[in-house]
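What follows is a single structure, written as structure tokens, with notes after it.
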Amino acid sequence: MVNIQMTGAQMVLKAFEDHQVDTIFGYPGGAVLPIYDELAKERDTNQPIRHYLVRHEQGASHSAEGYARSSGKVGVMLVTSGPGVTNAVTGLTDAMMDSIPIVCISGQVPTHLIGTDAFQECDAVGITRPCTKHNWLVKDINDLSRILHEAFYVASSGRPGPVLVDIPKDIQFQTGTYIGPETVKHKSYRPKLKANIDQIDDALKLIADAEKPIFYTGGGVINSGNAAVQLLREFVRLTGFPITSTLQGLGAYPGDDSQFIGMLGMHGTYEANMAMNECDLMINIGARFDDRITGKIDEFSPNSKKIHIDIDPSSINKIVKVDVPLIGDVAHVLEDSIKLWKSKVYKINKSPLKEWWKTIDKWKEKDSLKYVSDKNIIKPQYAIQRLYELTKDKDVFVTTEVGQHQMWAAQYYKFNKPNRWITSGGLGTMGFGLPAAIGAQVAHPDKLVIDIAGEASILMCIQEMSTAIQHKLPVKIFIINNQYMGMVRQWQELLHDKRYSHSYTDALPDFVKLAEAYGAKGIRVQKPNELNKAINEMIEYDGPVIFDCVVEQNENVFPMIPSGKAHNEMLLGDETVKEEISDEGKVLV
Amino acid sequence: MSEIVSKHTVSVLVDNEPGVLARVIGLISGRGYNIDSLTVAEVDAEKHISRITIVAPGTEQTVNKMISQLQRIVPVKRAANVTFEKQGIEREMALVKIVSTGEKRLESMRLSDVFRARVIDTTHDSFVFELNGSPRKIDAFIDLMKPLGLSEVSRTGVVAIARGTEKM
């Protein structure tokens, strides 16, 4: 047991060491100077903490997310008081919505100045209360080490999420007792990992009886870790059932496997959404019945029994009432399920399953991801298909911004491994992709990391180019440039009689020159036949690249379930967009 | 599930640590729920556990959602619907000030007897009654006192607990 006297600032670094943190993303300022001072003193030791200086605290938060999501570790960030914290709020909220483990250490004005409206003071715990899983203001130096250990525990256990520890500057200078992590146990927070075995058996009986079953999996599988991913693959193959995935779950099951019927939801495939609509058994593993998935809730999968595996009890029956809830960690529940399935010698219902697959294959024939290709103008879908074809033999990490390009990336880039697909799903944060790519590149220095971006989104955190250059992180930014906030434009076309209110960007920068201004390489492509060569040039360049892919401006993302519609009311392409969307639907986002 | 809006009493057991009340209240207001009454006090001094009792209007479904959300808060140990109709016992205390003289003063005294309210302060022109009971009983008492010189009311808000051997 370690009980050592040290300063608060030293405790922060000692806690990092004790929790195997070797990488942090941050930005210095007045209220965190003592911690930065320790980082400087530590620089000459054997294993200094690698600090990545970002250009804006939002960048630090998304980089920490990209690092966490690509590595399965906790992402750590360090920011100063006041604007340092408020700038981090977007990233913390993003991590909250997508259940990403982040520990954010923030400086605070000294305790005697709290509440005086001091320079760079803000109510950090008040502001971040709704956007963190938990947060702490440290008022006593002797609480600090305990709180730091609790912070790592809370962030990474159960349903993961961001936490914030707000440390006043005087506490960072004070000396107190450091207690090691092994002696610290949170008072009450103990997420349940194993599900009730009788309920698992109930679920297996439903699985054995099912005639039209479907697996619907989400980010919870990936959060649960590699064991969960392997067990999922085993269980899905054992049953022979079709499987669909949410946006966040892509990669848990191989995207090019024959049992995988594509992503579901608002821009999911026809076959996935139809199968969800008509199934008689839905097995939800680590997904949360998000509104992008369910469409019109009253008409969501009306005739199915539902099994829901989730580590967060509050997700159960929150939106959709389920028949068998299995509260626990995906890996634990699947392990028990497979064991029980084998020991009880359950058998699947083969002949109805065969019929079910025939129905699904018929839906597949619609080829809902087809698009009209063009010889002269690059279609955005084509650009992403080419990017996929030319990179699929490598172990690639893909991040995205938010909008049409994000959906096309989800539709046309196939992921065969978990943690390779990093996108802002819940909050939908434009500006996420570049800093997230930086985080992923930090975690995987030798891998190819691509931010599939839109020309509007990329400008929201473009300052992080400077970070990439400084730290020699060769991220590739693949901009699908249609000069519009494409998804906004698409909604305005479909819902607001083509009144394109402020969704066109009149004064875009020259992205090639912009890249060069930062010290990166810029590439611009406008013709389909130039794509292959240019993409290869991007991949081969040893350093950051901004790839400006100029595409068709008016392309829409299809299929699409319009707001307020059910799964079986999908729009499949431009020619089908005739029907009026109800006022009720227009209100939805 | 019932679509009828009614009052629900929700009990929440929490670690008594700084900011925990703000977390609970912030969640409730942030998610658009209303609160009719709120009480909070430490109930286990050794383990530092507090009990928060919230009365909120809503359908069964919205209140269940609220409880699910409450259970996500890290220092929340348990949250449950302990509404009267669900085998819960609810009690509230009120201090009621009556300012009157003559027959009205006497009548208020007589009625307080019926309600088993105690006089805890008196002058020639006033009484302060202390009254315990269900919120409905207190409502009824206050209604009756209105024509008799009701001046001021202070209520604790509801505390509740399950009947029988059941424990939260």
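Chain identifiers are assigned as A, B, and so on, following the order in which chains appear in the structure tokens; residues are numbered from 1 within each chain, and ligands are numbered from 1 in order of appearance.
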
Per residue of chain A within 9 Å of chain B, what are the shortest atom pair and its distance in Å to one decimal, counting only C-alpha atoms, with rows by chain and residue number, as a Markdown table?
```
| residue | atom | partner | partner_atom | distance |
| --- | --- | --- | --- | --- |
| A:Val125 | CA | B:Gly19 | CA | 8.9 |
| A:Gly126 | CA | B:Ala22 | CA | 8.5 |
| A:Arg129 | CA | B:Arg23 | CA | 6.9 |
| A:Pro130 | CA | B:Leu27 | CA | 7.1 |
| A:Lys133 | CA | B:Val74 | CA | 7.1 |
| A:His134 | CA | B:Val74 | CA | 6.4 |
| A:Trp136 | CA | B:Pro18 | CA | 8.7 |
| A:Leu137 | CA | B:Pro18 | CA | 8.9 |
| A:Val154 | CA | B:Val74 | CA | 8.0 |
| A:Lys187 | CA | B:Asp15 | CA | 8.0 |
| A:Ser188 | CA | B:Lys77 | CA | 6.6 |
| A:Tyr189 | CA | B:Val74 | CA | 6.1 |
| A:Asp312 | CA | B:Arg72 | CA | 7.7 |
| A:Pro313 | CA | B:Ser68 | CA | 7.3 |
| A:Ser314 | CA | B:Ser68 | CA | 4.3 |
| A:Ser315 | CA | B:Ser68 | CA | 7.6 |
| A:Ile316 | CA | B:Ser68 | CA | 8.4 |
| A:Asn317 | CA | B:Lys65 | CA | 8.4 |
| A:Lys318 | CA | B:Lys65 | CA | 6.0 |
| A:Ile319 | CA | B:Lys65 | CA | 8.7 |
```

Those residues with N, CA and C atoms, as a short mmCIF file (atom, residue, chain, number, x, y, z; two decimals), in the first residue's frame please?
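Okay, this is what ended up in out_16.cif:
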```
data_model
loop_
_atom_site.label_atom_id
_atom_site.label_comp_id
_atom_site.auth_asym_id
_atom_site.auth_seq_id
_atom_site.Cartn_x
_atom_site.Cartn_y
_atom_site.Cartn_z
N VAL A 125 -18.31 22.21 -12.02
CA VAL A 125 -19.13 21.02 -11.71
C VAL A 125 -20.60 21.28 -12.02
N GLY A 126 -21.03 22.53 -11.86
CA GLY A 126 -22.42 22.86 -12.20
C GLY A 126 -22.67 22.75 -13.70
N ARG A 129 -22.37 19.02 -14.89
CA ARG A 129 -23.16 17.98 -14.20
C ARG A 129 -24.02 17.17 -15.17
N PRO A 130 -24.79 17.83 -16.05
CA PRO A 130 -25.62 17.01 -16.95
C PRO A 130 -24.85 16.36 -18.09
N LYS A 133 -20.84 11.64 -16.51
CA LYS A 133 -21.45 10.55 -15.75
C LYS A 133 -21.38 10.90 -14.27
N HIS A 134 -20.29 11.53 -13.87
CA HIS A 134 -20.16 12.02 -12.51
C HIS A 134 -19.05 13.08 -12.50
N TRP A 136 -16.53 15.87 -9.73
CA TRP A 136 -16.12 16.18 -8.38
C TRP A 136 -15.42 17.54 -8.34
N LEU A 137 -15.68 18.30 -7.30
CA LEU A 137 -14.87 19.47 -7.00
C LEU A 137 -14.05 19.09 -5.76
N VAL A 154 -15.25 5.07 -12.19
CA VAL A 154 -16.59 5.41 -12.67
C VAL A 154 -16.59 5.57 -14.19
N LYS A 187 -18.06 3.97 -2.89
CA LYS A 187 -19.03 3.64 -1.85
C LYS A 187 -20.17 2.77 -2.34
N SER A 188 -20.74 3.16 -3.45
CA SER A 188 -21.99 2.48 -3.82
C SER A 188 -22.06 2.03 -5.27
N TYR A 189 -21.20 2.55 -6.14
CA TYR A 189 -21.38 2.27 -7.56
C TYR A 189 -20.79 0.91 -7.93
N ASP A 312 -26.86 -1.01 -18.70
CA ASP A 312 -27.47 0.13 -18.03
C ASP A 312 -28.96 -0.16 -17.79
N PRO A 313 -29.35 -0.43 -16.55
CA PRO A 313 -30.76 -0.79 -16.29
C PRO A 313 -31.72 0.29 -16.79
N SER A 314 -31.27 1.54 -16.81
CA SER A 314 -32.18 2.61 -17.20
C SER A 314 -32.48 2.59 -18.70
N SER A 315 -31.71 1.83 -19.47
CA SER A 315 -32.01 1.72 -20.90
C SER A 315 -33.16 0.75 -21.16
N ILE A 316 -33.39 -0.14 -20.20
CA ILE A 316 -34.43 -1.16 -20.38
C ILE A 316 -35.80 -0.51 -20.25
N ASN A 317 -36.65 -0.78 -21.22
CA ASN A 317 -38.03 -0.24 -21.23
C ASN A 317 -38.08 1.29 -21.24
N LYS A 318 -36.97 1.94 -21.59
CA LYS A 318 -36.97 3.40 -21.61
C LYS A 318 -37.81 3.90 -22.78
N ILE A 319 -37.64 3.28 -23.93
CA ILE A 319 -38.34 3.73 -25.13
C ILE A 319 -39.26 2.62 -25.66
#
```

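Straight-line separation from CA of Val449 in chain A to CA of Val330 in chain A: 27.8 Å.
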
Tell me which protein, DNA and RNA residues are within 10 Å of Ile142 in chain B, counting only C-alpha atoms, leaving out same-chain ones fewer than 3 positions away, and put them as a ChimeraX atom specification. /B:94,96-97,136-139,145-148,150,152-153

Serialized selection, N, CA and C atoms, as a CSV table (one decimal), in the first residue's frame:
```csv
chain,number,residue,atom,x,y,z
B,94,ALA,N,-47.5,20.2,8.8
B,94,ALA,CA,-47.8,21.6,8.4
B,94,ALA,C,-47.8,22.5,9.6
B,96,VAL,N,-49.7,25.9,10.6
B,96,VAL,CA,-50.7,26.8,10.1
B,96,VAL,C,-51.1,27.9,11.0
B,97,LYS,N,-50.9,29.1,10.5
B,97,LYS,CA,-51.2,30.3,11.4
B,97,LYS,C,-52.6,30.9,11.1
B,136,ARG,N,-53.6,15.0,1.9
B,136,ARG,CA,-55.1,15.3,1.6
B,136,ARG,C,-55.7,15.8,2.9
B,137,LYS,N,-55.3,15.2,4.1
B,137,LYS,CA,-55.9,15.7,5.3
B,137,LYS,C,-55.4,17.1,5.6
B,138,ILE,N,-54.2,17.4,5.2
B,138,ILE,CA,-53.7,18.8,5.5
B,138,ILE,C,-54.3,19.8,4.5
B,139,ASP,N,-54.6,19.3,3.3
B,139,ASP,CA,-55.3,20.2,2.3
B,139,ASP,C,-56.7,20.5,2.9
B,145,MET,N,-59.8,26.2,7.3
B,145,MET,CA,-59.3,27.4,8.0
B,145,MET,C,-59.4,28.7,7.2
B,146,LYS,N,-59.6,28.6,5.9
B,146,LYS,CA,-59.6,29.8,5.1
B,146,LYS,C,-60.6,30.9,5.6
B,147,PRO,N,-61.9,30.5,5.8
B,147,PRO,CA,-62.8,31.6,6.3
B,147,PRO,C,-62.6,31.9,7.8
B,148,LEU,N,-61.7,31.2,8.5
B,148,LEU,CA,-61.5,31.4,9.9
B,148,LEU,C,-60.3,32.2,10.2
B,150,LEU,N,-57.2,32.2,8.2
B,150,LEU,CA,-55.9,31.6,7.8
B,150,LEU,C,-55.0,32.7,7.3
B,152,GLU,N,-51.1,32.1,7.2
B,152,GLU,CA,-49.9,31.6,6.7
B,152,GLU,C,-49.8,30.1,6.8
B,153,VAL,N,-49.1,29.5,5.9
B,153,VAL,CA,-48.9,28.0,6.0
B,153,VAL,C,-47.5,27.6,5.6
```

Exercise: range 235-239 of chain A partners within 8 Å, only C-alpha atoms, chain neighbours under 5 positions left out, as a PDB file with C-alpha atoms, in the first residue's frame:
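Listed below is the output, selection_36.pdb:
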```pdb
ATOM      1  CA  PHE A 215     -29.876  -9.637 -34.054  1.00  0.00           C
ATOM      2  CA  LEU A 334     -23.151 -13.895 -24.222  1.00  0.00           C
ATOM      3  CA  ILE A 338     -23.579 -19.815 -25.340  1.00  0.00           C
ATOM      4  CA  ILE A 348     -32.904 -23.446 -33.867  1.00  0.00           C
TER       5      ILE A 348
END
```

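You can rank B:Lys167, B:Met93, B:Val12, B:Glu46 by their closest distance to Asn81 in chain B using only C-alpha atoms, and at the top of that list sits B:Val12.
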
Contacts of range 113-125 of chain B within 9 Å, only C-alpha atoms, excl. fewer than 6 positions in-chain, as JSON, numbers by chain: {"B": [95, 98, 99, 100, 101, 105, 131, 132, 137, 138, 141]}

For Asp198 in chain A: contacts at 12 Å, only C-alpha atoms, fewer than 2 positions along chain excluded, given as an mmCIF file with C-alpha atoms, in the first residue's frame:
```
data_model
loop_
_atom_site.group_PDB
_atom_site.id
_atom_site.type_symbol
_atom_site.label_atom_id
_atom_site.label_comp_id
_atom_site.auth_asym_id
_atom_site.auth_seq_id
_atom_site.Cartn_x
_atom_site.Cartn_y
_atom_site.Cartn_z
ATOM 1 C CA LYS A 194 -23.815 -10.988 -14.987
ATOM 2 C CA ALA A 195 -27.449 -11.379 -15.962
ATOM 3 C CA ASN A 196 -29.963 -13.599 -14.213
ATOM 4 C CA ILE A 200 -31.064 -15.992 -20.034
ATOM 5 C CA ASP A 201 -32.836 -19.318 -20.339
ATOM 6 C CA ASP A 202 -36.119 -17.534 -21.131
ATOM 7 C CA ALA A 203 -34.278 -15.665 -23.871
ATOM 8 C CA LEU A 204 -32.764 -18.850 -25.295
ATOM 9 C CA LYS A 205 -36.195 -20.490 -25.450
ATOM 10 C CA VAL A 324 -36.853 -10.386 -21.686
ATOM 11 C CA PRO A 325 -34.443 -7.830 -20.214
ATOM 12 C CA LEU A 326 -30.931 -9.104 -19.545
ATOM 13 C CA VAL A 333 -24.233 -12.418 -20.879
ATOM 14 C CA ASP A 336 -23.433 -17.569 -20.248
ATOM 15 C CA SER A 337 -25.885 -17.743 -23.149
ATOM 16 C CA LEU A 340 -26.400 -22.650 -21.607
#
```

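For the pair CA of Leu148 in chain A and CA of Val103 in chain A, the interatomic distance is 9.0 Å.
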
Residues near Ile4 in chain B, anyone? I mean within 8 Å using only C-alpha atoms, not counting same-chain ones fewer than 3 positions away, as an MDAnalysis selection string. chainID B and resid 58:60

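All residues in range 22-57 of chain B with a DSSP state of strand (DSSP E), computed from the backbone, read Ser37, Leu38, Thr39, Val40, Ala41, Glu42, Val43, Asp44, Ile49, Ser50, Arg51, Ile52, Thr53, Ile54, Val55, Ala56 and Pro57 of chain B.
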
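Closest approach to Gln483 in chain A from the set A:Ser99, A:Asn568, A:Asn303, A:Thr505 is made by A:Thr505, with distances taken over only C-alpha atoms.
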